[in-house]
Amino acid sequence: DTLFQQEEEEEDDEAEEEEMQDVIRTLPSTKQKILHYNSYLAHQRYYDDLKHNDIAFMDFGTMVNAATDEEVGGGRLVVEQRKRLGKGGVCWDAAFVLGEHVIANEDEWNASSSKEEEGRRMPKVVELGAGTGLTGLMIGKATRSEVTITDLPELEGLMRDNVRRNFGPSDGIDNSNPEEDAYGLLPCNDATRSSQPKGTVTSRILRWGNDADYGPTPYDVILGADIVTSLYDPHALAQTLHALSGPDTKIYISGKTRLDKPHEEFEGEMKQLFESVEKVERPESRLRSPNVFVIVAGGKKSL
């Protein structure tokens with residue numbers, strides 16, 4: 001009995017160890033890696049910023065409402081990373097957390113989300129410093145909204161390809177690779193209702209402080225993930241948010257505490273420009289990355 005019990009315990013340990021590992025597949029021809037993100041969420045044994053920067057494709061599966069743990073439809077989300085583009089070319093924890101938090105709190109910003117209001121205009125959403133576009137792509141998959149993801153010119157190609165991959169049209173992406181098709185990396189042709197994105201996503205260049213890039217303002221919702229850093233001027237960011245806002249605009253900016261001074265300067269500037277500025281220390285997300293927070297702002301002040 002003791003030997004049998006020991007064997008059972010060893011088998012249980014092996015099974016548990018398998019569950020505690022990332023599920024990563026490799027494309028045989030290109031050796032590019034694909035991470036099934038839900039396998040990481042199941043264990044979350046590490047949270048360092050560069051943990052997945054060697055992965056070419058992040059398969060996030062179907063979007064989930066983190067508040068109810070229920071799938072919200074919209075089809076799979078597969079996001080390409082390009083490490084050679086620097087920090088903007090990879091998916092950050094703060095971007096995933098922000099996407100899930102905004103989806104879970106859709107009733108705060110999306111009046112068209114209820115059955116009674118389906119005929120209403122979809123809200124206009126813009127993401128600043130989108131990089132891969134992860135946050136905006138999540139919102140476009142899971143909610144009735146018109147999303148524009150924006151960043152600098154050097155990231156335009158990556159944003160465009162990730163929009164095409166997940167929302168179409170598929171022109172510009174090589175559909176002839178059966179390997180990528182087998183792994184679900186090509187634009188989805190499944191026409192079932194549950195697989196169709198609920199919103200729309202487009203991409204374009206937007207440089208902070210350049211009024212010509214702002215497009216038709218105001219936006220209903222403004223997003224930004226991990227964009228308050230020492231690389232950028234927090235005052236210029238706050239001023240850009242003010243310029244893109246209207247009196248009813250909701251702003252969601254996520255960050256990860258690394259450098260307190262830029263965040264303090266940003267919050268201080270935001271309080272000068274907006275009536276309401278709230279810091280959510282525990283955003284609603286399945287990703288429990290420590291020190292990730294979301295700043296929620298609104299009530300644009302007249303200057």
# chains A, B, ... in the order shown; residues from 1 in each chain; ligands from 1
>>> residues_around(residues="A:Arg45", least_positions_apart="3", cutoff="12 Å", atoms="only C-alpha atoms", output="list of chain:residue names")
A:Glu17, A:Glu19, A:Met20, A:Gln21, A:Asp22, A:Ser39, A:Tyr40, A:Leu41, A:Ala42, A:Asp48, A:Lys51, A:Leu287, A:Arg288, A:Ser289, A:Pro290
>>> residues_around(residues="stretch 216-220 of chain A", least_positions_apart="2", cutoff="6 Å", atoms="only C-alpha atoms", output="PyMOL selection string")
chain A and resi 123-125+244-246+249
>>> residues_around(residues="stretch 265-269 of chain A", least_positions_apart="4", cutoff="9 Å", atoms="only C-alpha atoms", output="number ranges by chain")
A: 228, 233-235, 237-239, 260-261, 273-274, 277, 279, 295
>>> closest_atom_pairs(of="stretch 133-171 of chain A", to="stretch 78-95 of chain A", cutoff="9 Å", atoms="only C-alpha atoms", output="JSON lines")
{"residue": "A:Gly133", "atom": "CA", "partner": "A:Val79", "partner_atom": "CA", "distance": 8.1}
{"residue": "A:Leu134", "atom": "CA", "partner": "A:Ala95", "partner_atom": "CA", "distance": 6.4}
{"residue": "A:Thr135", "atom": "CA", "partner": "A:Ala95", "partner_atom": "CA", "distance": 5.3}
{"residue": "A:Gly136", "atom": "CA", "partner": "A:Ala95", "partner_atom": "CA", "distance": 9.0}
{"residue": "A:Leu137", "atom": "CA", "partner": "A:Val79", "partner_atom": "CA", "distance": 8.7}
{"residue": "A:Asp151", "atom": "CA", "partner": "A:Gly88", "partner_atom": "CA", "distance": 8.7}
{"residue": "A:Glu154", "atom": "CA", "partner": "A:Leu85", "partner_atom": "CA", "distance": 7.7}
{"residue": "A:Leu155", "atom": "CA", "partner": "A:Gly88", "partner_atom": "CA", "distance": 7.2}
{"residue": "A:Leu158", "atom": "CA", "partner": "A:Glu80", "partner_atom": "CA", "distance": 7.6}
{"residue": "A:Asp161", "atom": "CA", "partner": "A:Glu80", "partner_atom": "CA", "distance": 8.1}
{"residue": "A:Asn162", "atom": "CA", "partner": "A:Val79", "partner_atom": "CA", "distance": 5.9}
{"residue": "A:Val163", "atom": "CA", "partner": "A:Val79", "partner_atom": "CA", "distance": 8.9}
{"residue": "A:Arg165", "atom": "CA", "partner": "A:Val78", "partner_atom": "CA", "distance": 7.5}
{"residue": "A:Asn166", "atom": "CA", "partner": "A:Val78", "partner_atom": "CA", "distance": 6.9}
>>> select_by_dssp(residues="stretch 31-241 of chain A", states="alpha helix (DSSP H)", output="JSON, numbers by chain")
{"A": [37, 38, 39, 40, 41, 42, 43, 93, 94, 95, 96, 97, 98, 99, 100, 101, 102, 103, 104, 134, 135, 136, 137, 138, 139, 140, 141, 142, 156, 157, 158, 159, 160, 161, 162, 163, 164, 165, 166, 167, 178, 179, 180, 181, 182, 234, 235, 236, 237, 238, 239, 240, 241]}
>>> residues_around(residues="A:Gly61", least_positions_apart="5", cutoff="8 Å", atoms="only C-alpha atoms", output="number ranges by chain")
A: 36-38, 75-78
>>> write_last_selection(atoms="all heavy atoms", output="compact mmCIF listing (two decimals), in the first residue's frame")
# COMPACT_ATOMS: atom_id res chain seq x y z
N HIS A 36 0.07 30.01 -25.48
CA HIS A 36 -1.34 29.99 -25.11
C HIS A 36 -1.45 30.66 -23.74
O HIS A 36 -1.12 30.07 -22.71
CB HIS A 36 -1.88 28.56 -25.11
CG HIS A 36 -1.95 27.97 -26.49
ND1 HIS A 36 -3.11 27.97 -27.25
CD2 HIS A 36 -0.99 27.43 -27.28
CE1 HIS A 36 -2.86 27.43 -28.43
NE2 HIS A 36 -1.59 27.10 -28.47
N TYR A 37 -1.92 31.90 -23.76
CA TYR A 37 -1.83 32.77 -22.58
C TYR A 37 -2.61 32.23 -21.38
O TYR A 37 -2.21 32.44 -20.23
CB TYR A 37 -2.32 34.17 -22.94
CG TYR A 37 -1.94 35.22 -21.94
CD1 TYR A 37 -0.62 35.67 -21.86
CD2 TYR A 37 -2.88 35.77 -21.08
CE1 TYR A 37 -0.25 36.64 -20.94
CE2 TYR A 37 -2.52 36.76 -20.17
CZ TYR A 37 -1.21 37.18 -20.10
OH TYR A 37 -0.85 38.15 -19.19
N ASN A 38 -3.69 31.51 -21.64
CA ASN A 38 -4.46 30.96 -20.51
C ASN A 38 -3.64 29.97 -19.69
O ASN A 38 -3.89 29.80 -18.50
CB ASN A 38 -5.75 30.30 -21.01
CG ASN A 38 -6.80 31.32 -21.40
OD1 ASN A 38 -6.80 32.44 -20.90
ND2 ASN A 38 -7.69 30.94 -22.31
N GLY A 75 -14.68 35.98 -30.47
CA GLY A 75 -13.65 35.19 -31.14
C GLY A 75 -12.28 35.28 -30.49
O GLY A 75 -12.06 36.06 -29.57
N ARG A 76 -11.36 34.46 -30.98
CA ARG A 76 -10.00 34.42 -30.44
C ARG A 76 -9.24 35.69 -30.77
O ARG A 76 -9.46 36.31 -31.80
CB ARG A 76 -9.22 33.24 -31.02
CG ARG A 76 -9.55 31.91 -30.42
CD ARG A 76 -8.86 30.80 -31.20
NE ARG A 76 -7.42 30.90 -31.13
CZ ARG A 76 -6.61 30.60 -32.15
NH1 ARG A 76 -7.10 30.25 -33.30
NH2 ARG A 76 -5.30 30.67 -32.00
N LEU A 77 -8.32 36.02 -29.88
CA LEU A 77 -7.41 37.15 -30.11
C LEU A 77 -5.98 36.61 -30.16
O LEU A 77 -5.50 36.02 -29.19
CB LEU A 77 -7.54 38.18 -28.99
CG LEU A 77 -6.57 39.37 -29.07
CD1 LEU A 77 -6.80 40.18 -30.33
CD2 LEU A 77 -6.70 40.26 -27.83
N VAL A 78 -5.32 36.79 -31.29
CA VAL A 78 -3.92 36.40 -31.45
C VAL A 78 -3.11 37.65 -31.80
O VAL A 78 -3.39 38.32 -32.79
CB VAL A 78 -3.75 35.34 -32.56
CG1 VAL A 78 -2.27 34.99 -32.74
CG2 VAL A 78 -4.55 34.09 -32.24
>>> residues_around(residues="A:Glu106", least_positions_apart="4", cutoff="12 Å", atoms="only C-alpha atoms", output="list in words")
Asn65, Ala66, Ala67, Val72, Gly99, Glu100, His101, Val102, Asn110, Ala111, Ser112, Ser113, Ser114, Pro123, Ile139, Gly140, Ala142, Thr143, Arg144, Ser145, Val221, Lys250, Tyr252 and Glu284 of chain A
>>> write_last_selection(atoms="C-alpha atoms", output="tab-separated table (two decimals), in the first residue's frame")
chain	number	residue	atom	x	y	z
A	65	ASN	CA	-15.31	39.27	-18.16
A	66	ALA	CA	-12.95	39.09	-15.18
A	67	ALA	CA	-15.73	40.18	-12.80
A	72	VAL	CA	-17.98	37.39	-23.60
A	99	GLY	CA	-8.19	45.51	-21.24
A	100	GLU	CA	-9.86	43.17	-18.77
A	101	HIS	CA	-10.66	45.97	-16.31
A	102	VAL	CA	-12.33	48.10	-18.99
A	110	ASN	CA	-20.74	52.08	-22.95
A	111	ALA	CA	-24.42	53.00	-23.02
A	112	SER	CA	-24.90	50.83	-26.13
A	113	SER	CA	-23.92	47.65	-24.27
A	114	SER	CA	-27.42	46.86	-22.94
A	123	PRO	CA	-18.73	54.80	-28.44
A	139	ILE	CA	-11.94	46.03	-26.24
A	140	GLY	CA	-12.87	45.72	-29.92
A	142	ALA	CA	-15.44	42.03	-26.48
A	143	THR	CA	-17.57	45.21	-26.67
A	144	ARG	CA	-19.75	47.19	-29.08
A	145	SER	CA	-17.31	50.01	-29.74
A	221	VAL	CA	-13.15	56.71	-24.09
A	250	LYS	CA	-13.90	58.46	-19.60
A	252	TYR	CA	-8.45	54.69	-18.27
A	284	GLU	CA	-10.52	43.64	-12.16
>>> atom_distance(atom1="atom CA of A:Trp208", atom2="atom CA of A:Glu264")
19.6 Å
>>> closest_residue(among="A:His263, A:Arg25, A:His43, A:Arg164", to="A:Ser203", atoms="only C-alpha atoms")
A:Arg164
>>> closest_residue(among="A:Ala236, A:Leu98, A:Met159, A:Ile149", to="A:Val296", atoms="only C-alpha atoms")
A:Leu98
>>> closest_residue(among="A:Gly299, A:Gly215, A:Pro283, A:Gly168", to="A:Asn105", atoms="only C-alpha atoms")
A:Pro283
>>> closest_residue(among="A:Ile251, A:Ile103, A:Met63, A:Leu223", to="A:Gln196", atoms="only C-alpha atoms")
A:Met63
>>> atom_distance(atom1="atom CA of A:Ile205", atom2="atom CA of A:Asp226")
18.0 Å
>>> atom_distance(atom1="atom CA of A:Val147", atom2="atom CA of A:Lys256")
23.6 Å
>>> closest_residue(among="A:Ala130, A:Phe167, A:Gln272, A:Lys198", to="A:Ile253", atoms="only C-alpha atoms")
A:Ala130
